[in-house]
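Peer 1: If it helps, the file is called protein_36.cif and holds mmCIF, C-alpha atoms and all ligand atoms:
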```cif
data_upload
#
loop_
_atom_site.group_PDB
_atom_site.id
_atom_site.type_symbol
_atom_site.label_atom_id
_atom_site.label_comp_id
_atom_site.auth_asym_id
_atom_site.auth_seq_id
_atom_site.Cartn_x
_atom_site.Cartn_y
_atom_site.Cartn_z
ATOM 1 C CA MET I 1 31.136 262.818 202.191
ATOM 2 C CA LYS I 2 28.781 263.687 204.965
ATOM 3 C CA LYS I 3 31.024 263.501 207.936
ATOM 4 C CA ILE I 4 34.137 262.019 209.499
ATOM 5 C CA GLU I 5 33.799 260.557 212.959
ATOM 6 C CA ILE I 6 37.031 260.193 214.889
ATOM 7 C CA VAL I 7 37.196 258.322 218.169
ATOM 8 C CA ASN I 8 40.505 258.025 219.958
ATOM 9 C CA LYS I 9 40.251 255.177 222.429
ATOM 10 C CA THR I 10 43.866 255.508 223.535
ATOM 11 C CA LYS I 11 46.064 258.014 225.325
ATOM 12 C CA GLU I 12 48.369 257.952 222.312
ATOM 13 C CA SER I 13 48.399 261.112 220.197
ATOM 14 C CA PHE I 14 47.228 260.808 216.600
ATOM 15 C CA LEU I 15 46.902 263.392 213.823
ATOM 16 C CA THR I 16 44.793 266.473 214.543
ATOM 17 C CA LYS I 17 41.238 266.579 213.308
ATOM 18 C CA ARG I 18 42.207 269.278 210.832
ATOM 19 C CA THR I 19 45.039 267.183 209.379
ATOM 20 C CA ILE I 20 42.789 264.124 209.103
ATOM 21 C CA GLN I 21 40.139 266.171 207.333
ATOM 22 C CA LYS I 22 42.700 267.581 204.917
ATOM 23 C CA ILE I 23 44.143 264.164 204.126
ATOM 24 C CA VAL I 24 40.684 262.666 203.516
ATOM 25 C CA ASN I 25 39.679 265.574 201.255
ATOM 26 C CA LEU I 26 42.921 265.398 199.311
ATOM 27 C CA VAL I 27 42.767 261.639 198.762
ATOM 28 C CA LEU I 28 39.114 261.727 197.655
ATOM 29 C CA LYS I 29 39.795 264.647 195.325
ATOM 30 C CA GLN I 30 42.908 263.136 193.765
ATOM 31 C CA GLU I 31 41.218 259.775 193.327
ATOM 32 C CA ASN I 32 38.148 261.468 191.826
ATOM 33 C CA LYS I 33 35.875 259.883 194.371
ATOM 34 C CA ASP I 34 33.250 261.037 196.760
ATOM 35 C CA PHE I 35 30.861 259.130 198.919
ATOM 36 C CA PRO I 36 27.602 259.661 200.683
ATOM 37 C CA GLY I 37 27.446 258.789 204.344
ATOM 38 C CA CYS I 38 30.191 258.832 206.934
ATOM 39 C CA LEU I 39 33.731 257.706 207.414
ATOM 40 C CA SER I 40 34.536 256.405 210.841
ATOM 41 C CA ILE I 41 38.075 256.429 212.196
ATOM 42 C CA ALA I 42 38.837 254.544 215.384
ATOM 43 C CA VAL I 43 42.201 255.063 217.023
ATOM 44 C CA VAL I 44 42.984 251.969 219.060
ATOM 45 C CA GLY I 45 45.731 250.345 221.114
ATOM 46 C CA LYS I 46 47.998 247.470 220.148
ATOM 47 C CA GLU I 47 45.989 244.678 221.753
ATOM 48 C CA GLU I 48 42.729 245.832 220.223
ATOM 49 C CA ILE I 49 44.077 245.972 216.687
ATOM 50 C CA ARG I 50 45.757 242.616 217.184
ATOM 51 C CA SER I 51 42.498 240.993 218.251
ATOM 52 C CA LEU I 52 40.640 242.557 215.289
ATOM 53 C CA LYS I 53 43.290 241.298 212.900
ATOM 54 C CA LYS I 54 42.942 237.830 214.424
ATOM 55 C CA ARG I 55 39.172 237.864 214.318
ATOM 56 C CA PHE I 56 38.691 239.187 210.779
ATOM 57 C CA PHE I 57 41.882 238.148 208.999
ATOM 58 C CA HIS I 58 42.978 235.141 211.047
ATOM 59 C CA GLN I 59 46.447 236.534 211.599
ATOM 60 C CA ASP I 60 47.864 236.907 215.059
ATOM 61 C CA VAL I 61 49.951 240.041 214.512
ATOM 62 C CA TYR I 62 50.134 243.634 215.623
ATOM 63 C CA THR I 63 49.255 245.730 212.602
ATOM 64 C CA ASP I 64 49.119 249.458 211.864
ATOM 65 C CA VAL I 65 45.764 249.833 210.109
ATOM 66 C CA ILE I 66 42.662 247.879 209.120
ATOM 67 C CA SER I 67 40.014 249.169 206.714
ATOM 68 C CA PHE I 68 36.452 247.947 206.483
ATOM 69 C CA PHE I 69 34.378 248.916 203.495
ATOM 70 C CA TYR I 70 30.652 248.718 204.149
ATOM 71 C CA GLY I 71 29.234 249.878 200.827
ATOM 72 C CA LEU I 72 27.465 252.810 199.340
ATOM 73 C CA SER I 73 23.806 251.914 199.556
ATOM 74 C CA ASP I 74 22.314 254.303 202.078
ATOM 75 C CA GLU I 75 23.194 257.994 202.468
ATOM 76 C CA ASP I 76 23.275 257.765 206.250
ATOM 77 C CA ASP I 77 25.410 254.690 206.305
ATOM 78 C CA ILE I 78 28.953 254.509 207.441
ATOM 79 C CA TRP I 79 30.561 253.587 204.133
ATOM 80 C CA GLY I 80 33.886 252.800 205.596
ATOM 81 C CA GLU I 81 35.754 252.383 208.813
ATOM 82 C CA ILE I 82 39.452 252.730 209.462
ATOM 83 C CA ILE I 83 40.959 251.220 212.577
ATOM 84 C CA ILE I 84 44.373 252.664 213.181
ATOM 85 C CA CYS I 85 46.998 252.032 215.825
ATOM 86 C CA PRO I 86 49.415 254.917 216.479
ATOM 87 C CA ALA I 87 51.506 252.871 218.923
ATOM 88 C CA VAL I 88 52.453 250.355 216.199
ATOM 89 C CA ILE I 89 52.958 253.100 213.603
ATOM 90 C CA LYS I 90 55.212 255.118 215.897
ATOM 91 C CA GLU I 91 57.295 252.069 216.820
ATOM 92 C CA GLU I 92 57.839 251.234 213.162
ATOM 93 C CA ALA I 93 58.592 254.852 212.298
ATOM 94 C CA HIS I 94 61.117 254.958 215.105
ATOM 95 C CA ASN I 95 62.856 251.813 213.800
ATOM 96 C CA ARG I 96 63.077 253.287 210.304
ATOM 97 C CA GLY I 97 64.157 256.710 211.577
ATOM 98 C CA GLU I 98 61.065 258.255 209.999
ATOM 99 C CA ARG I 99 59.112 261.228 211.367
ATOM 100 C CA GLU I 100 56.042 260.128 213.345
ATOM 101 C CA GLU I 101 53.700 262.625 211.679
ATOM 102 C CA ARG I 102 54.739 261.423 208.238
ATOM 103 C CA ALA I 103 54.274 257.769 209.173
ATOM 104 C CA LEU I 104 50.840 258.440 210.701
ATOM 105 C CA SER I 105 49.725 260.376 207.606
ATOM 106 C CA ILE I 106 50.938 257.702 205.205
ATOM 107 C CA VAL I 107 49.200 254.929 207.120
ATOM 108 C CA LEU I 108 45.966 256.921 207.097
ATOM 109 C CA ILE I 109 46.321 257.408 203.325
ATOM 110 C CA HIS I 110 46.979 253.670 203.020
ATOM 111 C CA GLY I 111 43.780 252.894 204.942
ATOM 112 C CA LEU I 112 41.794 255.278 202.750
ATOM 113 C CA LEU I 113 43.192 253.769 199.549
ATOM 114 C CA HIS I 114 41.998 250.351 200.718
ATOM 115 C CA LEU I 115 38.497 251.795 201.067
ATOM 116 C CA LEU I 116 38.774 253.077 197.514
ATOM 117 C CA GLY I 117 39.587 249.628 196.181
ATOM 118 C CA TYR I 118 43.380 249.441 196.309
ATOM 119 C CA GLU I 119 44.802 246.086 197.387
ATOM 120 C CA ASP I 120 48.191 244.957 198.566
ATOM 121 C CA GLU I 121 48.137 241.167 198.812
ATOM 122 C CA ASP I 122 50.574 240.616 195.997
ATOM 123 C CA GLY I 123 53.854 242.380 195.376
ATOM 124 C CA GLU I 124 52.843 244.193 192.209
ATOM 125 C CA LYS I 125 49.640 245.620 193.682
ATOM 126 C CA ALA I 126 51.435 246.537 196.888
ATOM 127 C CA LYS I 127 53.994 248.469 194.860
ATOM 128 C CA VAL I 128 51.294 250.434 193.027
ATOM 129 C CA MET I 129 49.633 251.252 196.317
ATOM 130 C CA GLU I 130 52.865 252.272 197.986
ATOM 131 C CA GLU I 131 53.770 254.579 195.113
ATOM 132 C CA ARG I 132 50.324 256.141 195.133
ATOM 133 C CA GLN I 133 50.402 256.811 198.872
ATOM 134 C CA GLU I 134 53.815 258.455 198.587
ATOM 135 C CA ILE I 135 52.546 260.718 195.789
ATOM 136 C CA LEU I 136 49.446 261.646 197.764
ATOM 137 C CA TYR I 137 51.505 262.395 200.852
ATOM 138 C CA ARG I 138 53.810 264.606 198.806
ATOM 139 C CA LEU I 139 50.820 266.460 197.326
ATOM 140 C CA GLY I 140 49.532 267.051 200.854
ATOM 141 C CA GLU I 141 52.907 268.426 201.887
ATOM 142 C CA GLU I 142 52.916 270.756 198.881
ATOM 143 C CA GLU I 143 49.475 272.017 199.815
ATOM 144 C CA GLU I 144 50.600 272.655 203.399
ATOM 145 C CA GLU I 145 53.678 274.470 202.142
ATOM 146 C CA ARG I 146 51.541 276.706 199.912
ATOM 147 C CA GLU I 147 49.108 277.536 202.677
ATOM 148 C CA LYS I 148 51.949 278.363 205.051
ATOM 149 C CA LEU I 149 53.480 280.707 202.472
ATOM 150 C CA ILE I 150 50.147 282.423 201.852
ATOM 151 C CA LYS I 151 49.710 282.996 205.588
ATOM 152 C CA LYS I 152 53.160 284.562 205.806
ATOM 153 C CA ALA I 153 52.478 286.741 202.764
ATOM 154 C CA LYS I 154 49.236 287.902 204.320
ATOM 155 C CA GLU I 155 50.948 288.757 207.600
ATOM 156 C CA VAL I 156 53.679 290.816 205.948
ATOM 157 C CA ARG I 157 51.108 292.627 203.795
ATOM 158 C CA ASN I 158 50.199 294.495 207.003
ATOM 159 C CA HIS I 159 53.564 296.253 206.741
ATOM 160 C CA ALA I 160 53.059 297.416 203.170
ATOM 161 C CA TYR I 161 53.699 301.120 202.640
ATOM 162 C CA ALA I 162 51.233 301.946 199.883
ATOM 163 C CA PRO I 163 49.711 305.390 200.586
ATOM 164 C CA TYR I 164 49.720 306.332 196.883
ATOM 165 C CA SER I 165 48.108 303.267 195.326
ATOM 166 C CA ASN I 166 46.238 301.969 198.348
ATOM 167 C CA PHE I 167 47.190 298.572 197.022
ATOM 168 C CA PRO I 168 49.056 296.692 199.760
ATOM 169 C CA VAL I 169 50.860 293.536 198.653
ATOM 170 C CA GLY I 170 52.627 290.794 200.630
ATOM 171 C CA ALA I 171 54.950 288.114 199.284
ATOM 172 C CA ALA I 172 56.576 285.067 200.861
ATOM 173 C CA LEU I 173 59.450 283.345 199.116
ATOM 174 C CA LEU I 174 60.455 279.789 200.027
ATOM 175 C CA GLY I 175 64.174 279.113 199.747
ATOM 176 C CA TYR I 176 65.628 275.702 198.947
ATOM 177 C CA ASP I 177 67.094 275.798 202.444
ATOM 178 C CA GLY I 178 63.529 275.726 203.838
ATOM 179 C CA ASN I 179 63.595 279.315 205.064
ATOM 180 C CA ILE I 180 60.848 281.758 204.166
ATOM 181 C CA PHE I 181 61.647 285.346 203.214
ATOM 182 C CA THR I 182 58.864 287.897 203.197
ATOM 183 C CA GLY I 183 58.466 291.265 201.525
ATOM 184 C CA CYS I 184 55.849 293.978 201.127
ATOM 185 C CA ASN I 185 55.554 296.836 198.655
ATOM 186 C CA VAL I 186 57.217 300.080 199.651
ATOM 187 C CA GLU I 187 56.102 303.111 197.670
ATOM 188 C CA ASN I 188 57.669 306.510 197.297
ATOM 189 C CA THR I 189 56.437 309.999 196.630
ATOM 190 C CA SER I 190 58.566 309.761 193.490
ATOM 191 C CA PHE I 191 56.425 306.924 192.180
ATOM 192 C CA GLY I 192 59.060 305.239 190.049
ATOM 193 C CA LEU I 193 61.077 304.382 193.143
ATOM 194 C CA THR I 194 58.421 302.001 194.375
ATOM 195 C CA ILE I 195 59.642 298.546 195.294
ATOM 196 C CA CYS I 196 57.282 295.603 194.848
ATOM 197 C CA ALA I 197 56.693 292.995 197.534
ATOM 198 C CA GLU I 198 58.347 290.244 195.477
ATOM 199 C CA ARG I 199 61.562 292.132 194.919
ATOM 200 C CA GLY I 200 61.642 293.066 198.602
ATOM 201 C CA ALA I 201 61.543 289.363 199.451
ATOM 202 C CA VAL I 202 64.262 288.486 196.921
ATOM 203 C CA VAL I 203 66.594 291.191 198.246
ATOM 204 C CA LYS I 204 66.033 290.047 201.813
ATOM 205 C CA ALA I 205 66.862 286.433 200.909
ATOM 206 C CA LEU I 206 69.986 287.312 198.913
ATOM 207 C CA SER I 207 71.294 289.494 201.716
ATOM 208 C CA GLN I 208 70.983 286.471 203.996
ATOM 209 C CA GLY I 209 72.923 284.247 201.640
ATOM 210 C CA VAL I 210 70.032 282.338 200.034
ATOM 211 C CA LYS I 211 69.653 282.528 196.287
ATOM 212 C CA GLU I 212 67.738 279.441 195.223
ATOM 213 C CA PHE I 213 63.994 279.323 195.566
ATOM 214 C CA LYS I 214 61.134 276.832 195.285
ATOM 215 C CA LYS I 215 57.934 278.816 195.588
ATOM 216 C CA ILE I 216 56.589 282.315 196.064
ATOM 217 C CA ALA I 217 53.148 283.303 197.342
ATOM 218 C CA ILE I 218 51.716 286.742 196.606
ATOM 219 C CA ILE I 219 48.630 288.284 198.091
ATOM 220 C CA ALA I 220 47.115 291.713 197.555
ATOM 221 C CA ASP I 221 43.878 292.989 199.026
ATOM 222 C CA SER I 222 41.853 292.801 195.853
ATOM 223 C CA SER I 223 39.137 290.679 194.323
ATOM 224 C CA SER I 224 41.479 289.320 191.666
ATOM 225 C CA TYR I 225 44.651 287.255 191.959
ATOM 226 C CA CYS I 226 47.814 289.362 192.008
ATOM 227 C CA PHE I 227 50.507 287.957 189.727
ATOM 228 C CA PRO I 228 53.991 289.489 189.763
ATOM 229 C CA CYS I 229 54.557 292.505 187.544
ATOM 230 C CA GLY I 230 56.878 292.197 184.553
ATOM 231 C CA ALA I 231 59.922 293.583 186.347
ATOM 232 C CA CYS I 232 59.481 291.164 189.246
ATOM 233 C CA ARG I 233 59.092 288.224 186.868
ATOM 234 C CA GLN I 234 62.501 289.016 185.400
ATOM 235 C CA VAL I 235 64.108 289.437 188.835
ATOM 236 C CA LEU I 236 62.615 286.155 190.077
ATOM 237 C CA TYR I 237 63.777 284.441 186.879
ATOM 238 C CA GLU I 238 67.361 285.454 187.597
ATOM 239 C CA PHE I 239 67.456 283.144 190.618
ATOM 240 C CA ALA I 240 64.659 280.641 190.099
ATOM 241 C CA PRO I 241 63.557 279.942 186.519
ATOM 242 C CA GLN I 242 61.685 276.861 187.822
ATOM 243 C CA LEU I 243 59.857 278.844 190.505
ATOM 244 C CA GLU I 244 56.274 278.007 191.414
ATOM 245 C CA VAL I 245 54.130 281.142 191.708
ATOM 246 C CA ILE I 246 51.098 281.106 193.983
ATOM 247 C CA ALA I 247 48.732 284.027 193.445
ATOM 248 C CA ALA I 248 46.356 284.055 196.401
ATOM 249 C CA LYS I 249 43.168 285.687 197.519
ATOM 250 C CA SER I 250 43.202 283.615 200.711
ATOM 251 C CA ASP I 251 44.817 280.401 201.946
ATOM 252 C CA ARG I 252 41.936 278.470 200.415
ATOM 253 C CA ASP I 253 41.594 280.405 197.213
ATOM 254 C CA TYR I 254 44.718 280.542 195.111
ATOM 255 C CA GLU I 255 46.107 279.818 191.667
ATOM 256 C CA VAL I 256 49.387 278.035 191.056
ATOM 257 C CA VAL I 257 51.391 278.717 187.908
ATOM 258 C CA SER I 258 55.006 278.329 186.855
ATOM 259 C CA LEU I 259 57.270 281.318 186.400
ATOM 260 C CA HIS I 260 58.030 279.861 182.967
ATOM 261 C CA SER I 261 54.400 280.289 181.966
ATOM 262 C CA LEU I 262 54.462 283.911 183.193
ATOM 263 C CA LEU I 263 57.706 284.721 181.405
ATOM 264 C CA PRO I 264 58.051 282.554 178.322
ATOM 265 C CA GLN I 265 61.218 282.890 176.272
ATOM 266 C CA ALA I 266 62.747 284.889 179.083
ATOM 267 C CA PHE I 267 65.801 286.983 178.449
ATOM 268 C CA SER I 268 68.955 285.558 179.989
ATOM 269 C CA LEU I 269 72.615 286.387 179.406
ATOM 270 C CA LYS I 270 73.539 283.133 181.116
ATOM 271 C CA ASN I 271 72.823 281.102 177.968
ATOM 272 C CA ASP I 272 74.712 283.328 175.507
ATOM 273 C CA ARG I 273 77.574 284.917 177.384
ATOM 274 C CA LYS I 274 81.005 284.165 175.922
ATOM 275 C CA GLU I 275 83.362 282.807 178.574
HETATM 276 N N1 LIG H 301 52.878 295.664 193.423
HETATM 277 C C1 LIG H 301 53.567 294.690 194.054
HETATM 278 O O1 LIG H 301 54.102 294.884 195.141
HETATM 279 N N2 LIG H 301 53.656 293.470 193.458
HETATM 280 C C2 LIG H 301 53.044 293.135 192.291
HETATM 281 O O2 LIG H 301 53.185 292.031 191.839
HETATM 282 C C3 LIG H 301 52.213 294.107 191.595
HETATM 283 C C4 LIG H 301 52.283 295.516 192.115
HETATM 284 C C5 LIG H 301 52.729 296.980 194.076
HETATM 285 C C6 LIG H 301 53.516 298.093 193.501
HETATM 286 C C7 LIG H 301 52.695 299.279 193.936
HETATM 287 O O3 LIG H 301 53.090 299.649 195.249
HETATM 288 C C8 LIG H 301 51.279 298.777 193.998
HETATM 289 O O4 LIG H 301 51.375 297.367 194.006
HETATM 290 C C9 LIG H 301 50.425 299.233 192.848
HETATM 291 O O5 LIG H 301 51.049 299.035 191.650
#
```
What do you get writing this file as structure tokens?
Peer 2:
Amino acid sequence: MKKIEIVNKTKESFLTKRTIQKIVNLVLKQENKDFPGCLSIAVVGKEEIRSLKKRFFHQDVYTDVISFFYGLSDEDDIWGEIIICPAVIKEEAHNRGEREERALSIVLIHGLLHLLGYEDEDGEKAKVMEERQEILYRLGEEEEEREKLIKKAKEVRNHAYAPYSNFPVGAALLGYDGNIFTGCNVENTSFGLTICAERGAVVKALSQGVKEFKKIAIIADSSSYCFPCGACRQVLYEFAPQLEVIAAKSDRDYEVVSLHSLLPQAFSLKNDRKE
């Protein structure tokens, strides 16, 4: 897509430009679609969206979003327009006890899906659309979570003590409690005493009472992705066999693999120990 134009005609806050951009990119990528031309997003007040709904759909109601698809003929064209009303979305979110940011994101995804051909007039189609928007929102959240972890790993890499290898590493481990535990490699003149970034993070988490983990991000300062060494794989496996491992070069360039794939047929006493 060429460009996204966003005009906020209200005093009401909406999503940031960055978040909008990320949501649009994610939805287009996941739906395997791209378009020439522009996407226009107009953020409007309650009365304006009501009058548009009346004019184009003959319904006199306040609504959260309206999508207009204009076609794909000319590269410079606006291929679609989304009219969105944060005031209505926030009111509804408030009534459901839902976070505003989540509600705003989901309604934007909903508007985008309409532009991509999804419909919601009948119950069955509406269900498909609703499920799809939930999945896309969740994928967006996962992406955010990964990028946040990579940033933390990169920050802590500055504290690495690696005078012997000159290979600083940072790791950020996400606990099931939502907390992030960081670690960096700490070397020793007696080389074998070196502690890797990942194990540093695990020890920190355990000493703070957290021993279940969702994801770990690892970043070195090298041209290749840094996956955990064998010893770290085993230590991570002890607490989180289902762990997601993110090997990053930057917050935009990373690979995601499962710990299972890095340590197949892992050794564990837990399965065999006699009680
Ligand atoms: N290192 C880590 O901290 N994590 C890894 O996953 C691979 C290796 C450290 C250990 C040592 O300080 C340096 O990188 C070179 O091996």
Peer 1: Grab the CA of Ser190 in chain I to CA of Arg233 in chain I distance for me, in Å with one decimal place.
Peer 2: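 Straight-line distance from CA of Ser190 in chain I to CA of Arg233 in chain I works out to 22.5 Å.
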Peer 1: Kindly resolve the PyMOL selection byres (((chain I and resi 257-262) around 6) and not hetatm) on the present coordinates and return the residues as a count of residues only.
Peer 2: 6
Peer 1: Distance CA of Leu236 in chain I-CA of Leu206 in chain I, one decimal place?
Peer 2: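 About the pair CA of Leu236 in chain I and CA of Leu206 in chain I: they are 11.6 Å apart.
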Peer 1: Kindly work out which residues sit at most 10 Å from ligand LIG 301 (chain H), using only C-alpha atoms and all ligand atoms, and give the list as a ChimeraX atom specification.
Peer 2: /I:157,160-171,183-188,191-200,218-220,225-233,247
Peer 1: Convert the current residue selection to file output with C-alpha atoms, as a PDB file, keeping the file's coordinate frame.
Peer 2:
```
ATOM      1  CA  ARG I 157      51.108 292.627 203.795  1.00  0.00           C
ATOM      2  CA  ALA I 160      53.059 297.416 203.170  1.00  0.00           C
ATOM      3  CA  TYR I 161      53.699 301.120 202.640  1.00  0.00           C
ATOM      4  CA  ALA I 162      51.233 301.946 199.883  1.00  0.00           C
ATOM      5  CA  PRO I 163      49.711 305.390 200.586  1.00  0.00           C
ATOM      6  CA  TYR I 164      49.720 306.332 196.883  1.00  0.00           C
ATOM      7  CA  SER I 165      48.108 303.267 195.326  1.00  0.00           C
ATOM      8  CA  ASN I 166      46.238 301.969 198.348  1.00  0.00           C
ATOM      9  CA  PHE I 167      47.190 298.572 197.022  1.00  0.00           C
ATOM     10  CA  PRO I 168      49.056 296.692 199.760  1.00  0.00           C
ATOM     11  CA  VAL I 169      50.860 293.536 198.653  1.00  0.00           C
ATOM     12  CA  GLY I 170      52.627 290.794 200.630  1.00  0.00           C
ATOM     13  CA  ALA I 171      54.950 288.114 199.284  1.00  0.00           C
ATOM     14  CA  GLY I 183      58.466 291.265 201.525  1.00  0.00           C
ATOM     15  CA  CYS I 184      55.849 293.978 201.127  1.00  0.00           C
ATOM     16  CA  ASN I 185      55.554 296.836 198.655  1.00  0.00           C
ATOM     17  CA  VAL I 186      57.217 300.080 199.651  1.00  0.00           C
ATOM     18  CA  GLU I 187      56.102 303.111 197.670  1.00  0.00           C
ATOM     19  CA  ASN I 188      57.669 306.510 197.297  1.00  0.00           C
ATOM     20  CA  PHE I 191      56.425 306.924 192.180  1.00  0.00           C
ATOM     21  CA  GLY I 192      59.060 305.239 190.049  1.00  0.00           C
ATOM     22  CA  LEU I 193      61.077 304.382 193.143  1.00  0.00           C
ATOM     23  CA  THR I 194      58.421 302.001 194.375  1.00  0.00           C
ATOM     24  CA  ILE I 195      59.642 298.546 195.294  1.00  0.00           C
ATOM     25  CA  CYS I 196      57.282 295.603 194.848  1.00  0.00           C
ATOM     26  CA  ALA I 197      56.693 292.995 197.534  1.00  0.00           C
ATOM     27  CA  GLU I 198      58.347 290.244 195.477  1.00  0.00           C
ATOM     28  CA  ARG I 199      61.562 292.132 194.919  1.00  0.00           C
ATOM     29  CA  GLY I 200      61.642 293.066 198.602  1.00  0.00           C
ATOM     30  CA  ILE I 218      51.716 286.742 196.606  1.00  0.00           C
ATOM     31  CA  ILE I 219      48.630 288.284 198.091  1.00  0.00           C
ATOM     32  CA  ALA I 220      47.115 291.713 197.555  1.00  0.00           C
ATOM     33  CA  TYR I 225      44.651 287.255 191.959  1.00  0.00           C
ATOM     34  CA  CYS I 226      47.814 289.362 192.008  1.00  0.00           C
ATOM     35  CA  PHE I 227      50.507 287.957 189.727  1.00  0.00           C
ATOM     36  CA  PRO I 228      53.991 289.489 189.763  1.00  0.00           C
ATOM     37  CA  CYS I 229      54.557 292.505 187.544  1.00  0.00           C
ATOM     38  CA  GLY I 230      56.878 292.197 184.553  1.00  0.00           C
ATOM     39  CA  ALA I 231      59.922 293.583 186.347  1.00  0.00           C
ATOM     40  CA  CYS I 232      59.481 291.164 189.246  1.00  0.00           C
ATOM     41  CA  ARG I 233      59.092 288.224 186.868  1.00  0.00           C
ATOM     42  CA  ALA I 247      48.732 284.027 193.445  1.00  0.00           C
TER      43      ALA I 247
END
```
Peer 1: Under the rule that all atoms listed in the file are counted, which of I:Tyr70, I:Phe35, I:Phe14, I:Phe181 is the nearest residue to Lys90 in chain I?
Peer 2: I:Phe14
Peer 1: So, with all atoms listed in the file as the atoms that count, which of I:Glu144, I:Glu12, I:Glu119, I:Glu212 lies closest to Arg132 in chain I?
Peer 2: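 Of I:Glu144, I:Glu12, I:Glu119, I:Glu212, the one nearest Arg132 in chain I is I:Glu119, counting all atoms listed in the file.
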Peer 1: For each of I:Val203, I:Leu15, I:Ile135, I:Cys85, take the minimum atom-to-atom distance to Ile49 in chain I, counting only C-alpha atoms, then give the residue where this is smallest.
Peer 2: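 Distance minimum relative to Ile49 in chain I lands on I:Cys85.
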Peer 1: So that all listed atoms of range 202-218 of chain I fit with 5 Å spare on each side, what axis-aligned box centre and edge lengths in Å, to one decimal, would you give as AutoDock Vina command-line options?
Peer 2:
```
--center_x 62.3 --center_y 284.0 --center_z 199.6 --size_x 31.2 --size_y 24.4 --size_z 18.8
```
Peer 1: Mind checking which residues fall within 10 Å of Asp177 in chain I, counting all atoms listed in the file, ignoring those fewer than 4 positions away in the same chain, and posting them as a list of chain:residue names?
Peer 2: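 Residues meeting the cut-off are I:Val210, I:Lys211, I:Glu212, I:Phe213, I:Lys214.
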Peer 1: Closest to Gly175 in chain I among I:Asn158, I:Gln265, I:Gln208, I:Thr19, using all atoms listed in the file?
Peer 2: I:Gln208
Peer 1: Can you list, as a list in words, every protein, DNA or RNA residue that comes within 6 Å of Leu39 in chain I when you count all atoms listed in the file, leaving out same-chain residues fewer than 4 positions away?
Peer 2: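 Neighbouring residues, sequence-local ones excluded: Ile4, Ile78, Gly80 and Glu81 of chain I.
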Peer 1: What would the list of residues within 8 Å of (55.3, 254.4, 201.9) (file frame) look like as a PyMOL selection string, if only C-alpha atoms are what count?
Peer 2: chain I and resi 106+130-131+133-134
Peer 1: Can you work out which one of I:Met1, I:His159, I:Arg102, I:Val65 has the shortest atom-to-atom distance to His114 in chain I, counting only C-alpha atoms?
Peer 2: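 Of the candidates, the smallest distance to His114 in chain I is held by I:Val65.
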Peer 1: Report the distance between CA of Gly117 in chain I and CA of Leu26 in chain I in Å, rounded to one decimal place.
Peer 2: 16.4 Å
Peer 1: Provide range 36-48 of chain I rebuilt to N, CA and C atoms, formatted as a PDB file, in the frame of the given file.
Peer 2:
```pdb
ATOM      1  N   PRO I  36      28.603 259.218 199.724  1.00  0.00           N
ATOM      2  CA  PRO I  36      27.602 259.661 200.683  1.00  0.00           C
ATOM      3  C   PRO I  36      27.954 259.046 202.041  1.00  0.00           C
ATOM      4  N   GLY I  37      27.248 259.428 203.045  1.00  0.00           N
ATOM      5  CA  GLY I  37      27.446 258.789 204.344  1.00  0.00           C
ATOM      6  C   GLY I  37      28.714 259.221 205.049  1.00  0.00           C
ATOM      7  N   CYS I  38      29.099 258.432 206.038  1.00  0.00           N
ATOM      8  CA  CYS I  38      30.191 258.832 206.934  1.00  0.00           C
ATOM      9  C   CYS I  38      31.401 257.926 206.816  1.00  0.00           C
ATOM     10  N   LEU I  39      32.514 258.492 207.243  1.00  0.00           N
ATOM     11  CA  LEU I  39      33.731 257.706 207.414  1.00  0.00           C
ATOM     12  C   LEU I  39      34.010 257.683 208.909  1.00  0.00           C
ATOM     13  N   SER I  40      34.258 256.505 209.415  1.00  0.00           N
ATOM     14  CA  SER I  40      34.536 256.405 210.841  1.00  0.00           C
ATOM     15  C   SER I  40      36.006 256.028 211.033  1.00  0.00           C
ATOM     16  N   ILE I  41      36.670 256.752 211.911  1.00  0.00           N
ATOM     17  CA  ILE I  41      38.075 256.429 212.196  1.00  0.00           C
ATOM     18  C   ILE I  41      38.197 256.112 213.686  1.00  0.00           C
ATOM     19  N   ALA I  42      38.645 254.915 213.981  1.00  0.00           N
ATOM     20  CA  ALA I  42      38.837 254.544 215.384  1.00  0.00           C
ATOM     21  C   ALA I  42      40.326 254.395 215.655  1.00  0.00           C
ATOM     22  N   VAL I  43      40.792 255.132 216.636  1.00  0.00           N
ATOM     23  CA  VAL I  43      42.201 255.063 217.023  1.00  0.00           C
ATOM     24  C   VAL I  43      42.284 254.111 218.218  1.00  0.00           C
ATOM     25  N   VAL I  44      42.995 253.011 218.027  1.00  0.00           N
ATOM     26  CA  VAL I  44      42.984 251.969 219.060  1.00  0.00           C
ATOM     27  C   VAL I  44      44.393 251.585 219.505  1.00  0.00           C
ATOM     28  N   GLY I  45      44.454 250.811 220.583  1.00  0.00           N
ATOM     29  CA  GLY I  45      45.731 250.345 221.114  1.00  0.00           C
ATOM     30  C   GLY I  45      46.190 249.066 220.432  1.00  0.00           C
ATOM     31  N   LYS I  46      47.387 248.622 220.822  1.00  0.00           N
ATOM     32  CA  LYS I  46      47.998 247.470 220.148  1.00  0.00           C
ATOM     33  C   LYS I  46      47.182 246.182 220.306  1.00  0.00           C
ATOM     34  N   GLU I  47      46.696 245.945 221.529  1.00  0.00           N
ATOM     35  CA  GLU I  47      45.989 244.678 221.753  1.00  0.00           C
ATOM     36  C   GLU I  47      44.670 244.648 220.997  1.00  0.00           C
ATOM     37  N   GLU I  48      44.018 245.814 220.917  1.00  0.00           N
ATOM     38  CA  GLU I  48      42.729 245.832 220.223  1.00  0.00           C
ATOM     39  C   GLU I  48      42.908 245.558 218.721  1.00  0.00           C
TER      40      GLU I  48
END
```
